[in-house]
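Before any comments, here is the structure.
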Amino acid sequence: MQLTQQQVDEYHDKGFLLVESLLDPAEVRQLGEAFARDCEVPGPHRVTEEGGTQVRAVYASHRRQPEYAGLIRDPRILPPVRQLLPEDVYVYQFKINAKPPFGGDKWAWHQDYLAWRIADGLPAPLQVNIGVFLDDVNEFNGPVIFLPGSHREGLVHRERKADAKSAQHLDPDDISLTADQLAAYVDRYGMTSPKGPAGSVVFFSPEIVHGSAPNMSPFARRLLIATYNSCANLPRPQGEPRPDYVVCRDSAPLRPLERRFSEELRTVDA
Ligand code: HL5
Ligand code: SIN
Ligand code: MN
């Protein structure tokens, strides 16, 4: 699949692009089952909600579940990513943010690239994120909210809080914008939250300001986020590099699969 020039322009202008129903319902079901399976794998890659046992996020599922290994190279996803970032790319980070009904906590207002610059010494914001809706996303279940156009000003600030919220990953809370910064940015750019059926995909910039509210609805909001980084932009950590579930080491250029991930899996099974 190729994006139209208008879609490419929209991504660069707003900092994100929503493509509705890119995956079909049967594929969404497969991905959901793979997530349920992956949630059972214990380890530091499984992040729980503060003070609880509920899963908040699971990292690096593409290394354990064939559905996700295929998805990151799917011909509907990888070629568009390469249109938005015309470089050889690899997956730098892969996570699924669970946000279960009545309990998924907020994700504070932040810019991704600041996290990766601070924590991993990532030289440049040469990334494209994809957000794959594993559930229908509506105004009730804690959709990601973007400040459209906010990616164009670079980093809003460069500080990290002294006390880390999580030892397993860098929680956006540690690098969040102040209330004044957020208010000024919303004044300039406004807010919007892409919504749509499960299977929709939102491509978004590593510099766009975003965040999301807690989920107090009875609807789950599982969101898969994969970050593609330019192969020429490897991290240069100052000290110990972070674990490879949070910063993937395999930086070999990805090539698209010939057929959609679900068809490739069928061939393997046969
Ligand atoms: N949790 C990520 C990490 O690299 C950073 C956040 O949305 C990305 C800010 O630890
Ligand atoms: C994130 O930006 O890492 C989290 C966004 C979300 O899951 O709402
Ligand atoms: Mn983020």
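In the structure tokens, each chain is lettered A, B, ... as it comes, each chain's residues begin at 1, and ligands are numbered from 1 in order of appearance.
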
Point to revise | DSSP-assigned strand (DSSP E or B) among region 107-142 of chain A, expressed as a PyMOL selection string | key: chain A and resi 107-110+127-133+137

Writing out the chosen residues with C-alpha atoms as a PDB file, in the first residue's frame:
ATOM      1  CA  TRP A 107      -0.433   8.791  30.001  1.00  0.00           C
ATOM      2  CA  ALA A 108       0.941  12.265  30.833  1.00  0.00           C
ATOM      3  CA  TRP A 109       1.477  14.975  28.169  1.00  0.00           C
ATOM      4  CA  HIS A 110       4.845  14.434  26.525  1.00  0.00           C
ATOM      5  CA  GLN A 127      11.310   8.063  13.777  1.00  0.00           C
ATOM      6  CA  VAL A 128       7.745   7.288  12.764  1.00  0.00           C
ATOM      7  CA  ASN A 129       5.323   5.788  15.282  1.00  0.00           C
ATOM      8  CA  ILE A 130       2.383   3.657  14.317  1.00  0.00           C
ATOM      9  CA  GLY A 131      -0.551   3.322  16.708  1.00  0.00           C
ATOM     10  CA  VAL A 132      -2.686   0.280  15.871  1.00  0.00           C
ATOM     11  CA  PHE A 133      -6.158   0.273  17.451  1.00  0.00           C
ATOM     12  CA  VAL A 137     -11.415   3.961  20.043  1.00  0.00           C
TER      13      VAL A 137
END

Exercise for review: Identify, counting only C-alpha atoms and all ligand atoms, the protein, DNA and RNA residues located within 12 Å of ligand 3, and give them as a PyMOL selection string.
Suggested key: chain A and resi 93-97+106-116+128-131+144-146+169-176+204-212+223-227

Would you mind exporting C-alpha atoms of the selected residues as a JSON list (two decimals), in the first residue's frame?
[["chain", "number", "residue", "atom", "x", "y", "z"],
["A", 93, "GLN", "CA", 10.52, 0.11, 20.29],
["A", 94, "PHE", "CA", 7.35, -1.96, 20.36],
["A", 95, "LYS", "CA", 4.72, -1.74, 23.08],
["A", 96, "ILE", "CA", 1.06, -2.41, 23.71],
["A", 97, "ASN", "CA", -0.62, -0.10, 26.18],
["A", 106, "LYS", "CA", -3.51, 8.25, 32.14],
["A", 107, "TRP", "CA", -0.43, 8.79, 30.00],
["A", 108, "ALA", "CA", 0.94, 12.26, 30.83],
["A", 109, "TRP", "CA", 1.48, 14.98, 28.17],
["A", 110, "HIS", "CA", 4.84, 14.43, 26.52],
["A", 111, "GLN", "CA", 7.00, 14.21, 23.39],
["A", 112, "ASP", "CA", 8.48, 10.75, 22.69],
["A", 113, "TYR", "CA", 11.76, 12.00, 21.27],
["A", 114, "LEU", "CA", 12.66, 13.69, 24.57],
["A", 115, "ALA", "CA", 12.42, 10.32, 26.33],
["A", 116, "TRP", "CA", 14.69, 8.63, 23.82],
["A", 128, "VAL", "CA", 7.75, 7.29, 12.76],
["A", 129, "ASN", "CA", 5.32, 5.79, 15.28],
["A", 130, "ILE", "CA", 2.38, 3.66, 14.32],
["A", 131, "GLY", "CA", -0.55, 3.32, 16.71],
["A", 144, "VAL", "CA", -4.68, 9.49, 22.59],
["A", 145, "ILE", "CA", -5.03, 13.27, 22.32],
["A", 146, "PHE", "CA", -2.68, 15.09, 19.93],
["A", 169, "HIS", "CA", 10.59, 2.01, 31.26],
["A", 170, "LEU", "CA", 10.50, 5.79, 31.14],
["A", 171, "ASP", "CA", 6.93, 6.72, 31.98],
["A", 172, "PRO", "CA", 5.76, 9.91, 30.19],
["A", 173, "ASP", "CA", 5.04, 11.29, 33.67],
["A", 174, "ASP", "CA", 8.81, 11.76, 34.14],
["A", 175, "ILE", "CA", 9.12, 14.11, 31.17],
["A", 176, "SER", "CA", 5.67, 15.72, 31.12],
["A", 204, "PHE", "CA", 2.49, 9.93, 14.34],
["A", 205, "SER", "CA", 5.61, 12.00, 14.78],
["A", 206, "PRO", "CA", 8.10, 11.42, 17.64],
["A", 207, "GLU", "CA", 7.92, 15.15, 18.37],
["A", 208, "ILE", "CA", 4.15, 15.69, 18.54],
["A", 209, "VAL", "CA", 2.82, 16.57, 22.00],
["A", 210, "HIS", "CA", 0.36, 13.90, 23.13],
["A", 211, "GLY", "CA", -1.18, 12.23, 26.16],
["A", 212, "SER", "CA", -4.33, 10.39, 27.20],
["A", 223, "LEU", "CA", -3.23, 0.37, 21.69],
["A", 224, "LEU", "CA", -0.17, -1.07, 19.98],
["A", 225, "ILE", "CA", 2.62, 1.43, 19.36],
["A", 226, "ALA", "CA", 5.61, 0.50, 17.21],
["A", 227, "THR", "CA", 8.39, 3.01, 16.63]]

Check your understanding: For Glu263 (chain A), which residue out of A:Val58, A:Ala26, A:Ala183, A:Ile118 is the nearest one, using only C-alpha atoms?
Key -> A:Ala26

Check your understanding: Could you name the residues that touch Asp135 (chain A) at 10 Å or less, counting only C-alpha atoms, but leaving out those on the same chain fewer than 5 positions away, as a ChimeraX atom specification?
Key -> /A:28-29,32,141,196-200,219-223

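What separates CA of Pro100 (chain A) from CA of Pro214 (chain A) is a distance of 9.6 Å.
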
Could you write out, as a JSON list (two decimals) with N, CA and C atoms, in the first residue's frame, all the residues of region 76-246 of chain A that DSSP marks as alpha helix (DSSP H)?
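Output below, filename part09.json:
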[["chain", "number", "residue", "atom", "x", "y", "z"],
["A", 78, "LEU", "N", 4.59, -1.06, 6.50],
["A", 78, "LEU", "CA", 5.99, -0.66, 6.33],
["A", 78, "LEU", "C", 6.22, 0.29, 5.14],
["A", 79, "PRO", "N", 5.61, 0.03, 3.97],
["A", 79, "PRO", "CA", 5.83, 0.99, 2.87],
["A", 79, "PRO", "C", 5.34, 2.42, 3.19],
["A", 80, "PRO", "N", 4.16, 2.58, 3.80],
["A", 80, "PRO", "CA", 3.77, 3.93, 4.21],
["A", 80, "PRO", "C", 4.75, 4.57, 5.20],
["A", 81, "VAL", "N", 5.24, 3.77, 6.15],
["A", 81, "VAL", "CA", 6.22, 4.31, 7.10],
["A", 81, "VAL", "C", 7.42, 4.87, 6.34],
["A", 82, "ARG", "N", 7.86, 4.12, 5.31],
["A", 82, "ARG", "CA", 9.05, 4.54, 4.56],
["A", 82, "ARG", "C", 8.77, 5.74, 3.66],
["A", 83, "GLN", "N", 7.49, 5.94, 3.34],
["A", 83, "GLN", "CA", 7.16, 7.19, 2.62],
["A", 83, "GLN", "C", 7.30, 8.39, 3.56],
["A", 84, "LEU", "N", 6.92, 8.18, 4.83],
["A", 84, "LEU", "CA", 6.96, 9.27, 5.80],
["A", 84, "LEU", "C", 8.36, 9.53, 6.30],
["A", 112, "ASP", "N", 7.69, 12.00, 22.62],
["A", 112, "ASP", "CA", 8.48, 10.75, 22.69],
["A", 112, "ASP", "C", 9.98, 11.00, 22.53],
["A", 113, "TYR", "N", 10.32, 11.85, 21.58],
["A", 113, "TYR", "CA", 11.76, 12.00, 21.27],
["A", 113, "TYR", "C", 12.56, 12.46, 22.49],
["A", 114, "LEU", "N", 11.93, 13.25, 23.37],
["A", 114, "LEU", "CA", 12.66, 13.69, 24.57],
["A", 114, "LEU", "C", 13.06, 12.47, 25.42],
["A", 115, "ALA", "N", 12.13, 11.53, 25.54],
["A", 115, "ALA", "CA", 12.42, 10.32, 26.33],
["A", 115, "ALA", "C", 13.64, 9.60, 25.76],
["A", 116, "TRP", "N", 13.64, 9.44, 24.44],
["A", 116, "TRP", "CA", 14.69, 8.63, 23.82],
["A", 116, "TRP", "C", 16.02, 9.37, 23.74],
["A", 117, "ARG", "N", 15.96, 10.67, 23.71],
["A", 117, "ARG", "CA", 17.18, 11.47, 23.74],
["A", 117, "ARG", "C", 17.83, 11.36, 25.10],
["A", 118, "ILE", "N", 17.02, 11.54, 26.14],
["A", 118, "ILE", "CA", 17.53, 11.49, 27.50],
["A", 118, "ILE", "C", 18.00, 10.07, 27.86],
["A", 119, "ALA", "N", 17.12, 9.10, 27.62],
["A", 119, "ALA", "CA", 17.40, 7.75, 28.15],
["A", 119, "ALA", "C", 18.38, 6.95, 27.28],
["A", 120, "ASP", "N", 18.40, 7.22, 25.98],
["A", 120, "ASP", "CA", 19.17, 6.37, 25.07],
["A", 120, "ASP", "C", 20.19, 7.12, 24.23],
["A", 179, "ALA", "N", 1.94, 22.54, 33.36],
["A", 179, "ALA", "CA", 0.59, 23.03, 33.04],
["A", 179, "ALA", "C", 0.68, 24.28, 32.16],
["A", 180, "ASP", "N", 1.61, 25.18, 32.47],
["A", 180, "ASP", "CA", 1.74, 26.42, 31.68],
["A", 180, "ASP", "C", 2.18, 26.12, 30.25],
["A", 181, "GLN", "N", 3.13, 25.22, 30.11],
["A", 181, "GLN", "CA", 3.59, 24.86, 28.75],
["A", 181, "GLN", "C", 2.44, 24.26, 27.95],
["A", 182, "LEU", "N", 1.71, 23.36, 28.58],
["A", 182, "LEU", "CA", 0.61, 22.69, 27.88],
["A", 182, "LEU", "C", -0.46, 23.71, 27.48],
["A", 183, "ALA", "N", -0.79, 24.59, 28.42],
["A", 183, "ALA", "CA", -1.85, 25.59, 28.14],
["A", 183, "ALA", "C", -1.44, 26.47, 26.96],
["A", 184, "ALA", "N", -0.19, 26.90, 26.94],
["A", 184, "ALA", "CA", 0.28, 27.76, 25.85],
["A", 184, "ALA", "C", 0.24, 27.01, 24.52],
["A", 185, "TYR", "N", 0.64, 25.76, 24.54],
["A", 185, "TYR", "CA", 0.62, 24.96, 23.31],
["A", 185, "TYR", "C", -0.80, 24.69, 22.82],
["A", 186, "VAL", "N", -1.70, 24.43, 23.74],
["A", 186, "VAL", "CA", -3.09, 24.17, 23.33],
["A", 186, "VAL", "C", -3.70, 25.44, 22.74],
["A", 187, "ASP", "N", -3.30, 26.56, 23.29],
["A", 187, "ASP", "CA", -3.73, 27.85, 22.75],
["A", 187, "ASP", "C", -3.34, 27.98, 21.27],
["A", 188, "ARG", "N", -2.13, 27.55, 20.97],
["A", 188, "ARG", "CA", -1.62, 27.66, 19.59],
["A", 188, "ARG", "C", -2.14, 26.57, 18.66],
["A", 189, "TYR", "N", -2.22, 25.35, 19.17],
["A", 189, "TYR", "CA", -2.46, 24.21, 18.27],
["A", 189, "TYR", "C", -3.80, 23.51, 18.46]]

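Shortest separation to ligand 1 among A:Arg37, A:Arg152, A:Arg73, A:Arg160 occurs at residue A:Arg160, atoms counted being only C-alpha atoms and all ligand atoms.
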
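Minimum atom-to-atom distances from A:Phe140, A:Leu126, A:Pro241, A:Leu71 to Glu87 (chain A) were compared using only C-alpha atoms, and the lowest value belongs to A:Leu126.
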
Review point. A:Tyr68, A:Thr178, A:Pro75, A:Pro143: which is nearest Arg158 (chain A), counting only C-alpha atoms?
Key: A:Thr178

Could you list, as a PDB file with C-alpha atoms, in the first residue's frame, every residue within 12 Å of Arg64 (chain A), counting only C-alpha atoms and ignoring same-chain residues fewer than 6 positions away?
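Result file follows (result_2.pdb):
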ATOM      1  CA  ALA A  34      -1.708 -12.806  20.580  1.00  0.00           C
ATOM      2  CA  PHE A  35      -1.778 -10.002  23.153  1.00  0.00           C
ATOM      3  CA  ARG A  37      -1.081 -14.863  25.182  1.00  0.00           C
ATOM      4  CA  ASP A  38       1.766 -12.396  25.567  1.00  0.00           C
ATOM      5  CA  CYS A  39       0.312 -10.917  28.776  1.00  0.00           C
ATOM      6  CA  GLU A  40       0.955 -14.297  30.405  1.00  0.00           C
ATOM      7  CA  VAL A  41       4.705 -14.092  29.806  1.00  0.00           C
ATOM      8  CA  HIS A  45       8.898  -6.193  29.822  1.00  0.00           C
ATOM      9  CA  VAL A  58       3.799  -4.949  27.473  1.00  0.00           C
ATOM     10  CA  GLY A  70       4.600 -10.105  10.700  1.00  0.00           C
ATOM     11  CA  PHE A  94       7.347  -1.964  20.363  1.00  0.00           C
ATOM     12  CA  TYR A 245      12.904  -5.123  25.522  1.00  0.00           C
TER      13      TYR A 245
END
